[in-house]
Amino acid sequence: MTTTPLRLFNSLTRQLEVFQPLNGNEARVYTCGPTVYNYPHIGNMRAYVFADTLGRVLRFKGYDLKHVINITDVGHLTDDADAGEDKLEKAARTNAQSIWDIAKHYTEAYWADVKALNIREPYKWSIATDYVPAMIEFAKGIADEHCYELDSGLYFDTATVADYGRLARHKTDEGESRIDPVAGKRNAADFAIWRRTPPGETRQMEWNSPWGRGAPGWHLECSVMSEAILGLPFDIHTGGIDHREIHHPNEIAQNQAHCHSDDSGARFWMHNNFLIDRTGKMSKSSGEFLRLQLLIDKGFHPLAYRLMCLQAHYRSELEFSWDNLAAAFVRLKRLVKAFQELAARSGQWDEVCDDYDAQERASNGAIVVSYRDDEARRVGTLMDGIGGTLRLRFDSIHNSTEDDLNTSQALVWLDELVTMKGQDPAEQLRAILAVDEVFGLGLRNLDRASLRIRPASASIDEIDIEARLAERKAARAAKDFASSDRIRDDLIAAGVEVMDGDPLGWDWKIDI
């Protein structure tokens with residue numbers, strides 16, 4: 001098997017570069033996680049589908065993945081640009097709840113979305129409040145040379161590090177216009193390291209520090225947690241493209257100060273682009289904003305949203321619409337249908353699953369399907385002994401993912417792989433299971449019934465639908481077309497569309 005190097009786009013250099021871990025075979029990745037003051041919207045979740053895909057590709061290539069995602073439960077202000085009030089404090093006050101209860105509730109809601117989207121658990125979830133003592137020590141280490149105090153707290157002087165803002169590529173006041181104009185700051189881009197609690201106020205989350213009682217700045221958290229768990233420098237830092245403008249440049253500045261060098265902290269900085277919503281419901285202030293549960297309530301399987309994300313390159317804007325989501329759902333159903341037909345034809349489904357499970361155990365949770373240059377690290381794969389056209393399609397998927405995670409092209413090859421004719425069905429299933437480790441669609445565990453999600457507004461349940469359809473089938477067999485039509489009309493009145501002649505063979509869907 002010939003493999004190409006894994007090339008990834010580095011936002012720091014604005015070019016594609018070959019990935020090579022800094023520490024042997026271990027790929028160390030840090031992902032900026034959610035601020036848990038509200039439910040994540042689907043635009044937020046695109047970042048974690050991207051990070052999960054990156055991790056899956058690294059595992060697919062045979063690297064040992066050490067992935068960290070943080071949970072921000074303190075320090076993130078209502079404006080990403082270091083302005084306003086703490087998001088958690090505001091949410092707790094608005095809901096008349098403990099800030100700790102707010103953080104717990106929305107962390108668990110985020111984790112539920114992670115599970116629904118088949119996003120793998122990282123090596124570690126790092127909780128910001130667990131690292132406050134380490135943040136204070138980090139700040140003490142850079143304060144004398146790189147920081148200054150104002151009445152509101154400790155600020156980082158961006159003029160003290162080389163080439164500040166090179167990640168965002170902004171050097172003008174206009175480029176820094178989103179940053180809070182705090183009186184007394186030396187430079188427009190300077191940012192808070194520690195926020196002192198104002199006199200006469202009490203926060204639910206505050207700690208003693210050399211700069212007064214208060215809380216850490218948002219940017220400080222990720223520098224401290226990434227070093228504590230991964231060490232500096234590490235391989236890849238990911239986040240949404242909005243982090244590229246302020247949050248990540250500030251992390252880099254802190255890392256430079258802490259390391260006494262121009263090292264940014266990560267070898268690669270990678271950013272996914274925005275999910276664009278023309279309906280205006282992406283904002284969490286819009287009431288019924290677009291969160292994953294809303295998609296489910298409208299009858300869509302969450303993995304249809306994952307597939308929709310994979311259909312676009314992670315660095316491209318992706319427009320959300322219900323039509324686009326519906327198209328992704330149809331594509332997912334076609335993949336599942338083809339997969340099930342192969343399983344039925346193979347007669348070896350149990351054996352294929354046993355092979356899959358054995359490989360998963362042998363590779364500590366990853367199906368390793370490629371070989372690194374070091375032949376001593378060869379790992380047996382599901383693809384051993386499979387050649388010909390089937391192997392060519394598999395390699396096409398592999399090569400596409402190695403080209404800066406080009407999942408949109410890889411999915412085209414997947415469509416061909418699952419529908420190829422004249423192949424050994426068991427071998428075809430092995431190839432699909434192997435590449436699905438990258439896509440994360442869980443095709444092995446999906447079937448027609450599992451893809452039917454009942455919209456919250458539906459007035460009929462699945463058992464009743466299936467019973468009425470069985471009656472209708474019997475009526476049609478007896479040529480009692482009047483009864484057949486009456487049952488169909490009753491189902492339509494209940495919001496169920498009977499899909500006679502549907503090429504996918506799904507029989508029915510609930511009209512949304």
# chains A, B, ... in the order shown; residues from 1 in each chain; ligands from 1
$ select_by_dssp --residues "region 40-121 of chain A" --states "strand (DSSP E or B)" --output "PyMOL selection string"
chain A and resi 64-72+77-79+83-86
$ write_last_selection --atoms "all heavy atoms" --output "CSV table (one decimal), in the first residue's frame"
chain,number,residue,atom,x,y,z
A,64,ASP,N,-0.4,7.7,17.6
A,64,ASP,CA,-1.0,7.6,19.0
A,64,ASP,C,-1.6,9.0,19.3
A,64,ASP,O,-0.8,10.0,19.5
A,64,ASP,CB,0.0,7.2,20.0
A,64,ASP,CG,0.7,5.9,19.7
A,64,ASP,OD1,-0.1,5.0,19.2
A,64,ASP,OD2,1.9,5.7,19.9
A,65,LEU,N,-2.9,9.1,19.4
A,65,LEU,CA,-3.5,10.4,19.6
A,65,LEU,C,-3.7,10.8,21.1
A,65,LEU,O,-4.2,10.0,21.9
A,65,LEU,CB,-4.9,10.4,18.9
A,65,LEU,CG,-5.7,11.7,19.1
A,65,LEU,CD1,-5.1,12.9,18.4
A,65,LEU,CD2,-7.1,11.5,18.5
A,66,LYS,N,-3.3,12.0,21.4
A,66,LYS,CA,-3.5,12.5,22.8
A,66,LYS,C,-4.2,13.8,22.6
A,66,LYS,O,-3.6,14.9,22.4
A,66,LYS,CB,-2.2,12.7,23.5
A,66,LYS,CG,-2.3,13.0,25.0
A,66,LYS,CD,-0.9,13.0,25.7
A,66,LYS,CE,-1.1,13.2,27.2
A,66,LYS,NZ,0.3,13.2,27.9
A,67,HIS,N,-5.5,13.8,22.7
A,67,HIS,CA,-6.4,14.9,22.4
A,67,HIS,C,-7.0,15.5,23.6
A,67,HIS,O,-7.6,14.7,24.5
A,67,HIS,CB,-7.5,14.4,21.4
A,67,HIS,CG,-8.3,15.6,20.8
A,67,HIS,ND1,-9.5,15.3,20.1
A,67,HIS,CD2,-8.2,16.9,20.9
A,67,HIS,CE1,-10.0,16.5,19.7
A,67,HIS,NE2,-9.2,17.4,20.2
A,68,VAL,N,-7.0,16.8,23.8
A,68,VAL,CA,-7.5,17.5,25.0
A,68,VAL,C,-8.6,18.5,24.5
A,68,VAL,O,-8.3,19.2,23.5
A,68,VAL,CB,-6.4,18.2,25.8
A,68,VAL,CG1,-7.1,19.0,26.9
A,68,VAL,CG2,-5.4,17.2,26.3
A,69,ILE,N,-9.7,18.5,25.1
A,69,ILE,CA,-10.7,19.5,24.9
A,69,ILE,C,-11.0,20.2,26.2
A,69,ILE,O,-11.3,19.5,27.2
A,69,ILE,CB,-12.0,19.0,24.3
A,69,ILE,CG1,-11.7,18.2,23.0
A,69,ILE,CG2,-13.0,20.1,24.0
A,69,ILE,CD1,-13.0,17.6,22.3
A,70,ASN,N,-11.0,21.5,26.3
A,70,ASN,CA,-11.2,22.2,27.5
A,70,ASN,C,-12.7,22.6,27.7
A,70,ASN,O,-13.5,22.7,26.7
A,70,ASN,CB,-10.4,23.4,27.7
A,70,ASN,CG,-10.9,24.6,26.8
A,70,ASN,OD1,-10.8,24.6,25.6
A,70,ASN,ND2,-11.5,25.6,27.5
A,71,ILE,N,-13.1,22.7,28.9
A,71,ILE,CA,-14.4,23.2,29.3
A,71,ILE,C,-14.2,24.5,30.0
A,71,ILE,O,-13.6,24.6,31.1
A,71,ILE,CB,-15.2,22.2,30.2
A,71,ILE,CG1,-15.4,20.9,29.5
A,71,ILE,CG2,-16.6,22.8,30.6
A,71,ILE,CD1,-16.3,20.9,28.3
A,72,THR,N,-14.7,25.6,29.4
A,72,THR,CA,-14.5,27.0,30.1
A,72,THR,C,-15.7,27.2,31.0
A,72,THR,O,-16.8,27.5,30.5
A,72,THR,CB,-14.4,28.1,29.0
A,72,THR,OG1,-13.2,27.8,28.3
A,72,THR,CG2,-14.3,29.4,29.6
A,77,LEU,N,-15.8,36.4,28.8
A,77,LEU,CA,-16.7,37.5,29.0
A,77,LEU,C,-17.7,37.5,27.9
A,77,LEU,O,-17.6,36.7,26.9
A,77,LEU,CB,-15.9,38.8,28.9
A,77,LEU,CG,-14.8,38.9,30.0
A,77,LEU,CD1,-14.2,40.3,30.0
A,77,LEU,CD2,-15.3,38.5,31.4
A,78,THR,N,-18.8,38.3,28.0
A,78,THR,CA,-19.9,38.3,27.1
A,78,THR,C,-19.5,38.8,25.7
A,78,THR,O,-20.2,38.5,24.7
A,78,THR,CB,-21.0,39.2,27.6
A,78,THR,OG1,-20.5,40.5,28.0
A,78,THR,CG2,-21.7,38.5,28.8
A,79,ASP,N,-18.3,39.4,25.6
A,79,ASP,CA,-17.8,39.8,24.3
A,79,ASP,C,-16.4,39.1,24.2
A,79,ASP,O,-15.6,39.1,25.1
A,79,ASP,CB,-17.5,41.3,24.2
A,79,ASP,CG,-17.1,41.7,22.8
A,79,ASP,OD1,-16.3,41.1,22.2
A,79,ASP,OD2,-17.6,42.8,22.3
A,83,ALA,N,-14.3,42.1,26.7
A,83,ALA,CA,-15.2,43.1,27.2
A,83,ALA,C,-16.5,42.5,27.8
A,83,ALA,O,-16.8,41.3,27.6
A,83,ALA,CB,-15.6,44.1,26.0
A,84,GLY,N,-17.2,43.3,28.6
A,84,GLY,CA,-18.4,42.9,29.2
A,84,GLY,C,-18.2,42.1,30.5
A,84,GLY,O,-17.3,42.4,31.2
A,85,GLU,N,-19.2,41.2,30.8
A,85,GLU,CA,-19.1,40.5,32.1
A,85,GLU,C,-19.0,39.0,31.8
A,85,GLU,O,-19.2,38.5,30.7
A,85,GLU,CB,-20.4,40.8,32.9
A,85,GLU,CG,-21.7,40.5,32.2
A,85,GLU,CD,-22.9,40.9,33.0
A,85,GLU,OE1,-22.9,40.8,34.2
A,85,GLU,OE2,-23.8,41.5,32.4
A,86,ASP,N,-18.6,38.3,32.9
A,86,ASP,CA,-18.4,36.9,32.8
A,86,ASP,C,-19.7,36.2,32.3
A,86,ASP,O,-20.7,36.4,32.9
A,86,ASP,CB,-17.9,36.3,34.1
A,86,ASP,CG,-17.5,34.8,34.0
A,86,ASP,OD1,-18.4,34.0,33.9
A,86,ASP,OD2,-16.3,34.6,34.0
$ select_by_dssp --residues "region 89-334 of chain A" --states "helix (DSSP H, G or I)" --output "ChimeraX atom specification"
/A:89-95,99-116,128-146,158-160,218-230,241-244,247-259,284-286,292-297,302-310,322-334
$ write_last_selection --atoms "C-alpha atoms" --output "JSON list (two decimals), in the first residue's frame"
[["chain", "number", "residue", "atom", "x", "y", "z"],
["A", 89, "GLU", "CA", -21.85, 34.85, 36.22],
["A", 90, "LYS", "CA", -24.44, 36.50, 33.99],
["A", 91, "ALA", "CA", -26.23, 33.20, 33.26],
["A", 92, "ALA", "CA", -26.33, 32.31, 36.97],
["A", 93, "ARG", "CA", -27.81, 35.69, 37.85],
["A", 94, "THR", "CA", -30.36, 35.57, 35.02],
["A", 95, "ASN", "CA", -31.52, 32.06, 35.99],
["A", 99, "ILE", "CA", -22.92, 29.21, 38.81],
["A", 100, "TRP", "CA", -21.70, 25.68, 39.51],
["A", 101, "ASP", "CA", -25.14, 24.26, 38.66],
["A", 102, "ILE", "CA", -25.21, 26.30, 35.44],
["A", 103, "ALA", "CA", -21.80, 24.97, 34.42],
["A", 104, "LYS", "CA", -22.73, 21.37, 35.26],
["A", 105, "HIS", "CA", -26.03, 21.49, 33.35],
["A", 106, "TYR", "CA", -24.60, 22.93, 30.15],
["A", 107, "THR", "CA", -21.47, 20.79, 30.28],
["A", 108, "GLU", "CA", -23.66, 17.70, 30.36],
["A", 109, "ALA", "CA", -25.80, 19.10, 27.53],
["A", 110, "TYR", "CA", -22.66, 19.62, 25.45],
["A", 111, "TRP", "CA", -21.47, 16.10, 26.21],
["A", 112, "ALA", "CA", -24.87, 14.76, 25.10],
["A", 113, "ASP", "CA", -24.44, 16.52, 21.74],
["A", 114, "VAL", "CA", -20.91, 15.14, 21.47],
["A", 115, "LYS", "CA", -22.27, 11.62, 21.94],
["A", 116, "ALA", "CA", -25.17, 12.14, 19.50],
["A", 128, "ALA", "CA", -10.85, 25.54, 33.66],
["A", 129, "THR", "CA", -11.64, 25.96, 37.35],
["A", 130, "ASP", "CA", -9.48, 22.91, 38.17],
["A", 131, "TYR", "CA", -6.43, 24.83, 36.94],
["A", 132, "VAL", "CA", -6.84, 28.25, 38.59],
["A", 133, "PRO", "CA", -3.85, 27.75, 40.97],
["A", 134, "ALA", "CA", -1.70, 26.84, 37.95],
["A", 135, "MET", "CA", -2.99, 29.93, 36.12],
["A", 136, "ILE", "CA", -1.92, 32.15, 39.00],
["A", 137, "GLU", "CA", 1.57, 30.61, 38.96],
["A", 138, "PHE", "CA", 1.79, 31.02, 35.18],
["A", 139, "ALA", "CA", 0.78, 34.70, 35.50],
["A", 140, "LYS", "CA", 3.31, 35.28, 38.30],
["A", 141, "GLY", "CA", 6.04, 33.92, 36.03],
["A", 142, "ILE", "CA", 5.37, 36.43, 33.23],
["A", 143, "ALA", "CA", 4.07, 39.41, 35.22],
["A", 144, "ASP", "CA", 7.32, 41.29, 35.87],
["A", 145, "GLU", "CA", 8.53, 41.29, 32.27],
["A", 146, "HIS", "CA", 5.30, 41.26, 30.26],
["A", 158, "THR", "CA", 1.56, 42.89, 23.70],
["A", 159, "ALA", "CA", 4.50, 45.12, 22.77],
["A", 160, "THR", "CA", 6.78, 42.89, 24.85],
["A", 218, "TRP", "CA", -10.16, 33.68, 29.31],
["A", 219, "HIS", "CA", -7.01, 33.65, 27.18],
["A", 220, "LEU", "CA", -4.83, 32.52, 30.10],
["A", 221, "GLU", "CA", -6.79, 29.31, 30.59],
["A", 222, "CYS", "CA", -5.85, 27.55, 27.36],
["A", 223, "SER", "CA", -2.13, 28.36, 27.62],
["A", 224, "VAL", "CA", -2.03, 26.86, 31.10],
["A", 225, "MET", "CA", -4.15, 23.77, 30.43],
["A", 226, "SER", "CA", -2.45, 22.85, 27.15],
["A", 227, "GLU", "CA", 0.98, 23.03, 28.79],
["A", 228, "ALA", "CA", -0.15, 21.14, 31.89],
["A", 229, "ILE", "CA", -1.51, 18.18, 29.91],
["A", 230, "LEU", "CA", 0.38, 18.18, 26.60],
["A", 241, "ILE", "CA", -11.99, 30.73, 12.77],
["A", 242, "ASP", "CA", -13.27, 33.42, 15.14],
["A", 243, "HIS", "CA", -10.56, 32.35, 17.62],
["A", 244, "ARG", "CA", -7.91, 33.13, 14.99],
["A", 247, "HIS", "CA", -8.13, 34.47, 21.45],
["A", 248, "HIS", "CA", -5.41, 32.45, 19.74],
["A", 249, "PRO", "CA", -3.04, 35.40, 19.11],
["A", 250, "ASN", "CA", -3.31, 36.14, 22.83],
["A", 251, "GLU", "CA", -2.55, 32.52, 23.69],
["A", 252, "ILE", "CA", 0.49, 32.68, 21.45],
["A", 253, "ALA", "CA", 1.71, 35.89, 23.14],
["A", 254, "GLN", "CA", 1.39, 34.27, 26.56],
["A", 255, "ASN", "CA", 3.23, 31.18, 25.35],
["A", 256, "GLN", "CA", 6.05, 33.31, 23.97],
["A", 257, "ALA", "CA", 6.39, 35.13, 27.28],
["A", 258, "HIS", "CA", 6.25, 31.93, 29.31],
["A", 259, "CYS", "CA", 8.75, 30.03, 27.13],
["A", 284, "LYS", "CA", -28.29, 32.09, 21.23],
["A", 285, "SER", "CA", -30.16, 35.34, 21.84],
["A", 286, "SER", "CA", -32.72, 34.48, 19.15],
["A", 292, "LEU", "CA", -28.87, 19.89, 17.80],
["A", 293, "GLN", "CA", -31.99, 19.01, 19.77],
["A", 294, "LEU", "CA", -34.07, 21.27, 17.51],
["A", 295, "LEU", "CA", -32.90, 19.25, 14.50],
["A", 296, "ILE", "CA", -33.88, 16.05, 16.28],
["A", 297, "ASP", "CA", -37.25, 17.50, 17.28],
["A", 302, "PRO", "CA", -28.03, 13.95, 14.39],
["A", 303, "LEU", "CA", -25.62, 12.04, 12.15],
["A", 304, "ALA", "CA", -27.27, 13.72, 9.16],
["A", 305, "TYR", "CA", -25.82, 16.96, 10.53],
["A", 306, "ARG", "CA", -22.41, 15.32, 10.93],
["A", 307, "LEU", "CA", -22.60, 14.17, 7.31],
["A", 308, "MET", "CA", -23.63, 17.68, 6.21],
["A", 309, "CYS", "CA", -20.49, 19.04, 7.90],
["A", 310, "LEU", "CA", -18.30, 16.43, 6.20],
["A", 322, "TRP", "CA", -33.32, 22.61, 6.12],
["A", 323, "ASP", "CA", -33.07, 21.54, 2.47],
["A", 324, "ASN", "CA", -29.31, 20.97, 2.78],
["A", 325, "LEU", "CA", -29.85, 18.97, 5.96],
["A", 326, "ALA", "CA", -32.60, 16.93, 4.31],
["A", 327, "ALA", "CA", -30.29, 16.16, 1.37],
["A", 328, "ALA", "CA", -27.57, 14.98, 3.77],
["A", 329, "PHE", "CA", -30.16, 12.81, 5.54],
["A", 330, "VAL", "CA", -31.13, 11.15, 2.24],
["A", 331, "ARG", "CA", -27.45, 10.53, 1.50],
["A", 332, "LEU", "CA", -27.00, 8.95, 4.93],
["A", 333, "LYS", "CA", -30.02, 6.71, 4.34],
["A", 334, "ARG", "CA", -28.60, 5.59, 0.98]]
$ closest_residue --among "A:Val182, A:Val36, A:Leu451, A:Ala189" --to "His301 (chain A)" --atoms "only C-alpha atoms"
A:Leu451
$ residues_around --residues "Asn208 (chain A)" --least-positions-apart "3" --cutoff "10 Å" --atoms "only C-alpha atoms" --output "VMD selection string"
chain A and resid 133 136 196 211 to 215
$ write_last_selection --atoms "C-alpha atoms" --output "short mmCIF file (atom, residue, chain, number, x, y, z; two decimals), in the first residue's frame"
data_model
loop_
_atom_site.label_atom_id
_atom_site.label_comp_id
_atom_site.auth_asym_id
_atom_site.auth_seq_id
_atom_site.Cartn_x
_atom_site.Cartn_y
_atom_site.Cartn_z
CA PRO A 133 -3.85 27.75 40.97
CA ILE A 136 -1.92 32.15 39.00
CA ARG A 196 -9.89 41.96 39.84
CA TRP A 211 -3.30 41.19 41.96
CA GLY A 212 -6.33 41.05 44.22
CA ARG A 213 -9.31 38.76 44.57
CA GLY A 214 -10.82 37.95 41.19
CA ALA A 215 -10.77 35.50 38.29
#
$ closest_residue --among "A:Met420, A:Ala51, A:Val29, A:Ala312" --to "Val438 (chain A)" --atoms "only C-alpha atoms"
A:Ala51
$ closest_atom_pairs --of "region 27-84 of chain A" --to "region 201-205 of chain A" --cutoff "10 Å" --atoms "only C-alpha atoms" --output "tab-separated table"
residue	atom	partner	partner_atom	distance
A:Asp73	CA	A:Met205	CA	9.3
A:Val74	CA	A:Met205	CA	7.3
A:Gly75	CA	A:Met205	CA	9.1
$ residues_around --residues "Ala183 (chain A)" --least-positions-apart "2" --cutoff "12 Å" --atoms "only C-alpha atoms" --output "JSON, numbers by chain"
{"A": [149, 150, 151, 152, 153, 155, 180, 181, 185, 186, 187, 188, 190]}
$ residues_around --residues "Asn44 (chain A)" --least-positions-apart "4" --cutoff "9 Å" --atoms "only C-alpha atoms" --output "PyMOL selection string"
chain A and resi 34+40+48+240+274-275
$ write_last_selection --atoms "N, CA, C and O atoms" --output "compact mmCIF listing (two decimals), in the first residue's frame"
# COMPACT_ATOMS: atom_id res chain seq x y z
N PRO A 34 -16.13 24.45 24.72
CA PRO A 34 -17.24 25.39 24.89
C PRO A 34 -17.15 26.19 26.19
O PRO A 34 -16.54 25.74 27.16
N PRO A 40 -24.89 24.60 23.32
CA PRO A 40 -24.15 24.90 22.10
C PRO A 40 -25.10 24.91 20.90
O PRO A 40 -26.03 24.11 20.84
N TYR A 48 -16.32 20.85 16.65
CA TYR A 48 -15.97 19.59 17.30
C TYR A 48 -16.08 18.42 16.35
O TYR A 48 -15.36 17.43 16.50
N GLY A 240 -12.47 27.38 16.22
CA GLY A 240 -13.21 28.06 15.17
C GLY A 240 -12.42 29.24 14.63
O GLY A 240 -11.53 29.78 15.30
N PHE A 274 -16.91 29.17 9.37
CA PHE A 274 -18.23 29.35 9.97
C PHE A 274 -19.30 28.49 9.32
O PHE A 274 -19.22 28.15 8.13
N LEU A 275 -20.31 28.16 10.10
CA LEU A 275 -21.58 27.66 9.58
C LEU A 275 -22.47 28.88 9.39
O LEU A 275 -22.71 29.63 10.34
$ closest_residue --among "A:Glu319, A:Val18, A:Gln340, A:Ala266" --to "Leu446 (chain A)" --atoms "only C-alpha atoms"
A:Gln340
$ atom_distance --atom1 "CA of Phe339 (chain A)" --atom2 "CA of Pro425 (chain A)"
9.6 Å
$ atom_distance --atom1 "CA of Gly43 (chain A)" --atom2 "CA of Asn118 (chain A)"
16.3 Å
$ decode --residues "region 436-448 of chain A" --atoms "N, CA and C atoms" --output "mmCIF file, in the first residue's frame"
data_model
loop_
_atom_site.group_PDB
_atom_site.id
_atom_site.type_symbol
_atom_site.label_atom_id
_atom_site.label_comp_id
_atom_site.auth_asym_id
_atom_site.auth_seq_id
_atom_site.Cartn_x
_atom_site.Cartn_y
_atom_site.Cartn_z
ATOM 1 N N ASP A 436 -14.961 4.130 7.530
ATOM 2 C CA ASP A 436 -15.937 4.809 8.388
ATOM 3 C C ASP A 436 -15.317 5.228 9.711
ATOM 4 N N GLU A 437 -14.154 4.676 10.052
ATOM 5 C CA GLU A 437 -13.431 5.165 11.219
ATOM 6 C C GLU A 437 -13.058 6.636 11.061
ATOM 7 N N VAL A 438 -12.877 7.087 9.842
ATOM 8 C CA VAL A 438 -12.597 8.505 9.581
ATOM 9 C C VAL A 438 -13.887 9.315 9.549
ATOM 10 N N PHE A 439 -14.899 8.820 8.856
ATOM 11 C CA PHE A 439 -16.131 9.594 8.718
ATOM 12 C C PHE A 439 -16.926 9.643 10.022
ATOM 13 N N GLY A 440 -16.833 8.602 10.820
ATOM 14 C CA GLY A 440 -17.532 8.597 12.101
ATOM 15 C C GLY A 440 -19.042 8.525 11.983
ATOM 16 N N LEU A 441 -19.546 7.919 10.921
ATOM 17 C CA LEU A 441 -20.991 7.826 10.726
ATOM 18 C C LEU A 441 -21.606 6.630 11.448
ATOM 19 N N GLY A 442 -20.769 5.722 11.905
ATOM 20 C CA GLY A 442 -21.285 4.568 12.639
ATOM 21 C C GLY A 442 -22.195 3.695 11.806
ATOM 22 N N LEU A 443 -21.832 3.464 10.537
ATOM 23 C CA LEU A 443 -22.713 2.715 9.634
ATOM 24 C C LEU A 443 -23.014 1.316 10.159
ATOM 25 N N ARG A 444 -22.084 0.759 10.900
ATOM 26 C CA ARG A 444 -22.290 -0.581 11.447
ATOM 27 C C ARG A 444 -23.496 -0.617 12.382
ATOM 28 N N ASN A 445 -23.775 0.476 13.064
ATOM 29 C CA ASN A 445 -24.808 0.490 14.106
ATOM 30 C C ASN A 445 -26.107 1.154 13.676
ATOM 31 N N LEU A 446 -26.201 1.547 12.405
ATOM 32 C CA LEU A 446 -27.413 2.212 11.924
ATOM 33 C C LEU A 446 -28.258 1.259 11.093
ATOM 34 N N ASP A 447 -29.565 1.434 11.182
ATOM 35 C CA ASP A 447 -30.473 0.719 10.301
ATOM 36 C C ASP A 447 -31.665 1.629 10.028
ATOM 37 N N ARG A 448 -32.583 1.132 9.253
ATOM 38 C CA ARG A 448 -33.725 1.951 8.855
ATOM 39 C C ARG A 448 -34.497 2.461 10.062
#
